4 protein chains.
Amino acid sequence: MKVFQLDGGWSADHLMIAERPTPVPGPGQALLRMRAAALNYRDMVVLQRGYGAQTGTLPLIPLSDGVGEVVALGPGVSRVKVGERVCPTFFQRWAGGPPNADRLASSLGGPLDGVMAEYMAVDAEGLAHVPDHLSDAEAATLPCAALTAWSALVTEGRVQPGERVLIQGTGGVSLFALQFAKLIGAFAIVTSSSGEKLERARALGADATLSYRETPEWGRSVREIAGGDGVDHIVEVGGQATLPQSLRAIRPGGTISMIGVLSGSSMDARLGLVVTRQVRLQGITVGSRDGFEAMARAIGQHQLRPVVDRVFAFEELPQAFAHLTSGAHFGKVCIGF
Amino acid sequence: MKVFQLDGGWSADHLMIAERPTPVPGPGQALLRMRAAALNYRDMVVLQRGYGAQTGTLPLIPLSDGVGEVVALGPGVSRVKVGERVCPTFFQRWAGGPPNADRLASSLGGPLDGVMAEYMAVDAEGLAHVPDHLSDAEAATLPCAALTAWSALVTEGRVQPGERVLIQGTGGVSLFALQFAKLIGAFAIVTSSSGEKLERARALGADATLSYRETPEWGRSVREIAGGDGVDHIVEVGGQATLPQSLRAIRPGGTISMIGVLSGSSMDARLGLVVTRQVRLQGITVGSRDGFEAMARAIGQHQLRPVVDRVFAFEELPQAFAHLTSGAHFGKVCIGF
Amino acid sequence: MKVFQLDGGWSADHLMIAERPTPVPGPGQALLRMRAAALNYRDMVVLQRGYGAQTGTLPLIPLSDGVGEVVALGPGVSRVKVGERVCPTFFQRWAGGPPNADRLASSLGGPLDGVMAEYMAVDAEGLAHVPDHLSDAEAATLPCAALTAWSALVTEGRVQPGERVLIQGTGGVSLFALQFAKLIGAFAIVTSSSGEKLERARALGADATLSYRETPEWGRSVREIAGGDGVDHIVEVGGQATLPQSLRAIRPGGTISMIGVLSGSSMDARLGLVVTRQVRLQGITVGSRDGFEAMARAIGQHQLRPVVDRVFAFEELPQAFAHLTSGAHFGKVCIGF
Amino acid sequence: MKVFQLDGGWSADHLMIAERPTPVPGPGQALLRMRAAALNYRDMVVLQRGYGAQTGTLPLIPLSDGVGEVVALGPGVSRVKVGERVCPTFFQRWAGGPPNADRLASSLGGPLDGVMAEYMAVDAEGLAHVPDHLSDAEAATLPCAALTAWSALVTEGRVQPGERVLIQGTGGVSLFALQFAKLIGAFAIVTSSSGEKLERARALGADATLSYRETPEWGRSVREIAGGDGVDHIVEVGGQATLPQSLRAIRPGGTISMIGVLSGSSMDARLGLVVTRQVRLQGITVGSRDGFEAMARAIGQHQLRPVVDRVFAFEELPQAFAHLTSGAHFGKVCIGF
């Protein structure tokens with residue numbers, strides 16, 4: 001079968017198409033014919049040996065997010081059936097409960113081989129069904145980006161109707177966070193540097209928007225929009241450059257979901273604001289299969305559609321990475337098989 | 001009546017004894033004859049107009065922590081009776097539930113007048129009973145230091161038996177954290193620069209100790225002591241200098257209670273370790289009256305005795321502050337009236 | 001001022017209009033000119049000395065739910081201002097945190113005097129603001145019926161988007177539960193004996209409905225509608241007659257909010273289904289002021305309108321009770337002042 | 001190999017020793033040489049086709065609780081090593097997270113074959129390590145009885161130091177509940193009909209005891225012992241006969257862990273006490289592997305020793321059942337292999 005793999009060195013230059021034998025599903029495994037994949041910022045970091053890839057070895061099949069059809073079963077599988085459409089979960093050994101080192105070491109696309117292969121043999125415990133109404137490209141976006149947003153707002157954040165949620169930017173996780181915030185009945189405030197992207201965020205349901213280009217010190221403005229003591233929850237994807245403003249925007253007792261480090265990986269913020277206002281900074285690391293299944297049920301009930309920016313062909317993976325890097329996208333960058 | 005007050009400027013030099021009229025309890029209030037007080041690091045910051053004092057005005061009666069005897073009641077009071085021994089709660093308007101700006105603005109010893117007065121008229125809703133077995137000085141230590149440790153480990157942290165708790169140093173909050181950790185059945189690891197203090201911590205029940213003078217990079221050592229993936233919970237009082245080590249010592253999914261900023265008020269730590277290991281940094285701001293009452297019940301059941309280093313006379317408040325500043329103490333620095 | 005009061009005996013026959021002196025707000029109190037009230041099933045039980053009325057004395061002003069305008073303030077009030085529209089909270093001393101005996105003993109309309117008075121002097125701590133878009137009658141429905149539904153689904157139940165909620169009947173609490181379930185993004189199933197009421201429930205957003213007259217053994221049918229293992233959450237208002245069916249409809253690990261005893265106050269159900277499927281039966285007793293404020297914010301954001309069946313005049317309180325008893329209503333029975 | 005199995009009919013009369021081929025560990029499995037087992041009340045119910053056995057088929061190897069040594073590994077196992085001592089978890093497919101139908105259908109000793117076999121091949125995901133200081137018989141008691149008590153007090157109940165816990169009787173779960181309650185720092189009250197058993201409970205740490213033979217209406221007495229509003233938590237193992245008293249003993253907002261139905265499987269109790277005092281009845285169904293591992297760590301740290309009443313030989317299983325039925329035991333009835 002055909003795969004994309006990183007071989008011979010850790011950089012995008014070493015991405016290449018290769019041939020591997022089609023896997024045979026062992027006991028407890030299902031064989032998937034892959035139909036689509038989706039890119040995350042993380043996948044670019046992995047190419048430079050960041051994140052989970054630190055313990056990985058080459059060659060490595062990249063990308064964590066994809067969807068496939070079950071085409072064969074090994075012995076003893078009852079969770080899925082031939083013909084069903086499923087996603088491999090981001091963490092293959094995190095079915096439920098809190099994270100631990102073993103569960104967090106089982107991520108696809110580094111250290112484990114990812115989804116850029118025509119076929120995958122996956123433990124049935126590492127699979128989850130996807131809602132029928134989604135296209136393959138849409139379904140492929142769920143394992144990492146969507147589940148991260150779900151874990152932030154629902155599983156860990158427990159956001160309630162009427163609460164005010166600040167969402168930074170319009171990247172993959174942020175757009176899902178916006179859609180889920182509206183599902184929950186929260187009040188969603190979105191920031192971006194682009195007026196056009198803010199307009200699209202409003203079309204997706206944002207209750208208020210704010211350009212951080214026009215208002216670099218946006219912490220106070222967000223607080224005014226939120227009314228009262230500040231926002232209840234922040235989806236923090238910027239990291240170094242945004243956290244100081246987030247600490248001004250959050251209400252006492254509020255939660256900041258720590259998701260991304262797009263603007264730098266150092267934390268440089270006034271501790272006093274965390275301590276004296278009982279703020280919670282909650283790291284979010286994708287989530288478990290239990291979380292995926294709860295999310296998929298909500299997406300199915302509400303016929304929610306992930307925002308797909310563009311679907312590239314299998315061979316165009318390098319171009320897809322370049323498009324993601326450009327920052328011109330609004331929504332997920334996908335691969336159709 | 002005699003009071004200590006800060007008047008004419010924000011610094012320790014402006015602390016002085018003064019006369020004020022003895023207050024009369026209004027509707028819903030109790031009159032307390034104060035019997036003891038206890039110092040916190042916070043009280044020194046307030047003298048420089050830090051923390052809650054920013055919105056305060058002078059003259060200000062300092063110190064948040066004290067205990068008194070009810071000697072008279074205003075109309076409509078049923079929560080307390082004449083002759084009972086009670087502590088004014090640190091936050092006068094935080095009876096229960098989550099914190100909010102109003103609740104957090106009601107702290108004693110800045111912005112509200114504190115406990116260094118012979119008499120106080122206090123809303124009965126802002127009082128809590130203290131266990132009988134405690135001396136006055138011991139009882140005076142509960143409102144801020146003890147409740148902060150209780151909120152960190154019990155109310156917010158929900159530490160379970162068998163969990164491993166790292167406690168930084170042997171200051172007021174830290175010693176209470178050690179005592180509470182043992183009450184819960186947790187495994188307690190204590191750090192200090194002083195071998196003598198570590199020995200005293202072991203006598204109080206510490207299961208393991210570690211000198212950060214001898215082992216400046218103590219994160220890895222703590223992880224080895226804890227076994228497995230790292231400690232489950234950290235009582236973080238150092239801030240800037242200690243957080244990077246704490247992020248190495250904590251297990252994936254663990255909680256760091258953010259309590260103090262003794263070593264600097266900037267946060268400078270690798271964000272990636274928070275995000276990719278789903279770590280929680282939880283700011284702790286003392287706690288509510290509900291928390292105080294739960295803690296007092298546990299202290300009473302177990303006849304737990306707070307560690308009192310030394311009791312100064314009312315007039316010796318400046319000397320008591322100097323003693324606290326010296327760092328030579330082990331346990332709380334108190335004032336007997 | 002004019003009041004309705006129960007005097008001379010515990011039964012609806014002893015309800016009468018009387019004159020009392022207009023109260024003067026004391027320290028910490030606000031004076032309200034009442035504008036509307038709303039009836040609950042509980043109010044009828046209180047007339048027979050049920051519920052909290054057991055410790056009450058006569059004469060007693062009935063009804064817990066009402067709304068008024070602040071017309072004067074006693075000394076030291078900052079939470080509310082003259083001219084604002086507020087509800088007295090159901091429990092006057094439950095601002096936040098978990099319930100306890102003292103908090104639960106402070107309910108209006110028994111044992112404390114209720115809202116059927118032209119003026120009320122209320123501790124400011126026992127008041128909460130109401131959303132602007134509501135009529136007086138709509139606002140009057142919030143303190144007991146709406147907050148009970150909110151506590152069941154949000155505060156205690158923590159229902160998530162995509163979860164399946166079974167709501168019994170179309171009484172006051174049930175219709176609010178339906179509206180809140182939709183706000184949260186849940187899937188709502190409503191039961192009733194009346195086809196017409198089921199139709200109105202669908203118009204309010206019910207995703208599925210079921211006649212328990214046509215399907216007396218509805219537990220299994222609900223399970224089929226829910227798909228999978230059963231519903232995640234049940235708003236249980238029937239008690240004795242409905243609990244056995246609820247235990248068939250609930251999924252393992254699900255929660256049944258125990259709210260009402262309309263069909264009998266004995267519990268007669270198979271314990272094994274609770275134990276072996278880890279089901280939670282959670283008693284719901286209205287809720288705290290914190291809960292009210294969170295609910296009011298959500299209602300305001302979504303411009304949600306409580307369902308008002310009919311508004312009677314102040315003097316028509318007996319007719320309003322008769323209408324409530326008839327069971328012909330759909331939505332709240334209110335009183336306009 | 002030698003096994004005990006139920007064959008030819010559902011009753012204790014059909015228990016017999018038989019020969020089966022020694023299993024070979026498949027991919028992901030470990031082979032255990034079993035060393036000890038322990039009986040639970042449930043095992044007697046299973047013999048009559050109760051509980052999980054309803055969907056089981058004969059022949060069935062009984063008993064859920066046992067401990068063995070790993071003697072061989074199938075391919076791909078890293079969680080356990082040859083030579084280690086492990087327990088098969090009660091639910092083989094419940095690693096973590098909330099219960100669901102699939103997880104609850106995977107219990108040993110019915111519907112799945114249990115531990116009364118010289119060898120078992122078990123999925124490594126269904127194994128957990130046991131503390132070193134325990135004898136084989138002691139270790140065998142952990143999977144069902146100990147974990148049920150842990151789930152009740154710790155995982156679900158989140159009992160805090162100073163809380164008052166009522167424990168009914170001195171059966172297997174109850175004695176573990178007593179030991180864990182003391183570990184947590186709670187105040188433990190134990191009931192029994194036997195003065196001698198109450199004395200042994202005090203020796204194990206019970207803070208107060210009460211004979212329900214001498215005080216059949218013990219609800220009020222427990223409330224007096226507890227002080228204040230009643231106990232915070234009840235370990236309810238009696239069911240029908242005890243729940244009415246438990247509802248008198250529990251405080252408003254308290255939790256009753258529903259564990260057993262020894263006195264009858266109907267629930268017959270006043271609903272009003274649940275609703276108006278916001279009481280929680282929480283069904284407890286053993287627990288997950290995550291819970292087991294947390295419990296084992298606490299047991300190891302505190303060198304806690306399960307109470308073993310008597311150890312029978314493998315062939316004496318019928319006598320062991322008879323001993324359990326007699327009610328004369330104090331502590332677990334075990335089987336040594």
# chains A, B, ... in the order shown; residues from 1 in each chain; ligands from 1
$ interface_residues --of "chain B" --to "chain A" --cutoff "8 Å" --atoms "only C-alpha atoms" --output "ChimeraX atom specification"
/B:51,98-101,104,229,239,251-253,258-261,265-272,274-285
$ residues_around --residues "Trp10 of chain A" --least-positions-apart "2" --cutoff "7 Å" --atoms "only C-alpha atoms" --output "mmCIF file with N, CA and C atoms, in the first residue's frame"
data_model
loop_
_atom_site.group_PDB
_atom_site.id
_atom_site.type_symbol
_atom_site.label_atom_id
_atom_site.label_comp_id
_atom_site.auth_asym_id
_atom_site.auth_seq_id
_atom_site.Cartn_x
_atom_site.Cartn_y
_atom_site.Cartn_z
ATOM 1 N N HIS A 14 12.057 15.728 4.418
ATOM 2 C CA HIS A 14 12.196 14.272 4.417
ATOM 3 C C HIS A 14 10.852 13.554 4.322
ATOM 4 N N LEU A 47 7.194 17.191 12.733
ATOM 5 C CA LEU A 47 8.205 17.072 11.660
ATOM 6 C C LEU A 47 9.564 17.548 12.150
ATOM 7 N N GLN A 48 9.553 18.521 13.092
ATOM 8 C CA GLN A 48 10.825 18.996 13.673
ATOM 9 C C GLN A 48 11.160 18.239 14.961
ATOM 10 N N ARG A 49 10.539 17.090 15.138
ATOM 11 C CA ARG A 49 10.771 16.240 16.302
ATOM 12 C C ARG A 49 10.266 16.864 17.609
#
$ residues_around --residues "Glu118 of chain D" --least-positions-apart "2" --cutoff "7 Å" --atoms "only C-alpha atoms" --output "PyMOL selection string"
chain D and resi 1-3+33-34+116
$ select_by_dssp --residues "segment 42-202 of chain C" --states "helix (DSSP H, G or I)" --output "ChimeraX atom specification"
/C:42-47,51-55,101-104,124-126,136-140,142-156,172-184,195-202
$ select_by_dssp --residues "segment 175-243 of chain A" --states "strand (DSSP E or B)" --output "number ranges by chain"
A: 187-192, 208-211, 231-236
$ residues_around --residues "Leu6 of chain D" --least-positions-apart "2" --cutoff "9 Å" --atoms "only C-alpha atoms" --output "PDB file with C-alpha atoms, in the first residue's frame"
ATOM      1  CA  PHE D   4     -14.380 -25.400  40.345  1.00  0.00           C
ATOM      2  CA  GLY D   8     -25.937 -28.653  35.007  1.00  0.00           C
ATOM      3  CA  GLY D   9     -28.086 -26.183  36.926  1.00  0.00           C
ATOM      4  CA  TRP D  10     -28.140 -22.894  38.861  1.00  0.00           C
ATOM      5  CA  SER D  11     -27.723 -23.782  42.549  1.00  0.00           C
ATOM      6  CA  ALA D  12     -24.943 -24.497  45.010  1.00  0.00           C
ATOM      7  CA  ASP D  13     -25.640 -28.213  44.546  1.00  0.00           C
ATOM      8  CA  HIS D  14     -24.210 -28.012  41.042  1.00  0.00           C
ATOM      9  CA  LEU D  15     -20.791 -26.764  42.172  1.00  0.00           C
ATOM     10  CA  MET D  16     -18.139 -29.327  41.361  1.00  0.00           C
ATOM     11  CA  ILE D  17     -14.459 -29.780  40.685  1.00  0.00           C
ATOM     12  CA  LEU D  47     -25.193 -19.374  42.022  1.00  0.00           C
ATOM     13  CA  LEU D  58     -22.971 -22.934  32.086  1.00  0.00           C
ATOM     14  CA  PRO D  59     -20.518 -24.296  32.887  1.00  0.00           C
ATOM     15  CA  LEU D  60     -19.331 -21.222  34.834  1.00  0.00           C
ATOM     16  CA  ILE D  61     -16.228 -20.887  37.005  1.00  0.00           C
ATOM     17  CA  PRO D  62     -17.360 -18.939  40.103  1.00  0.00           C
TER      18      PRO D  62
END
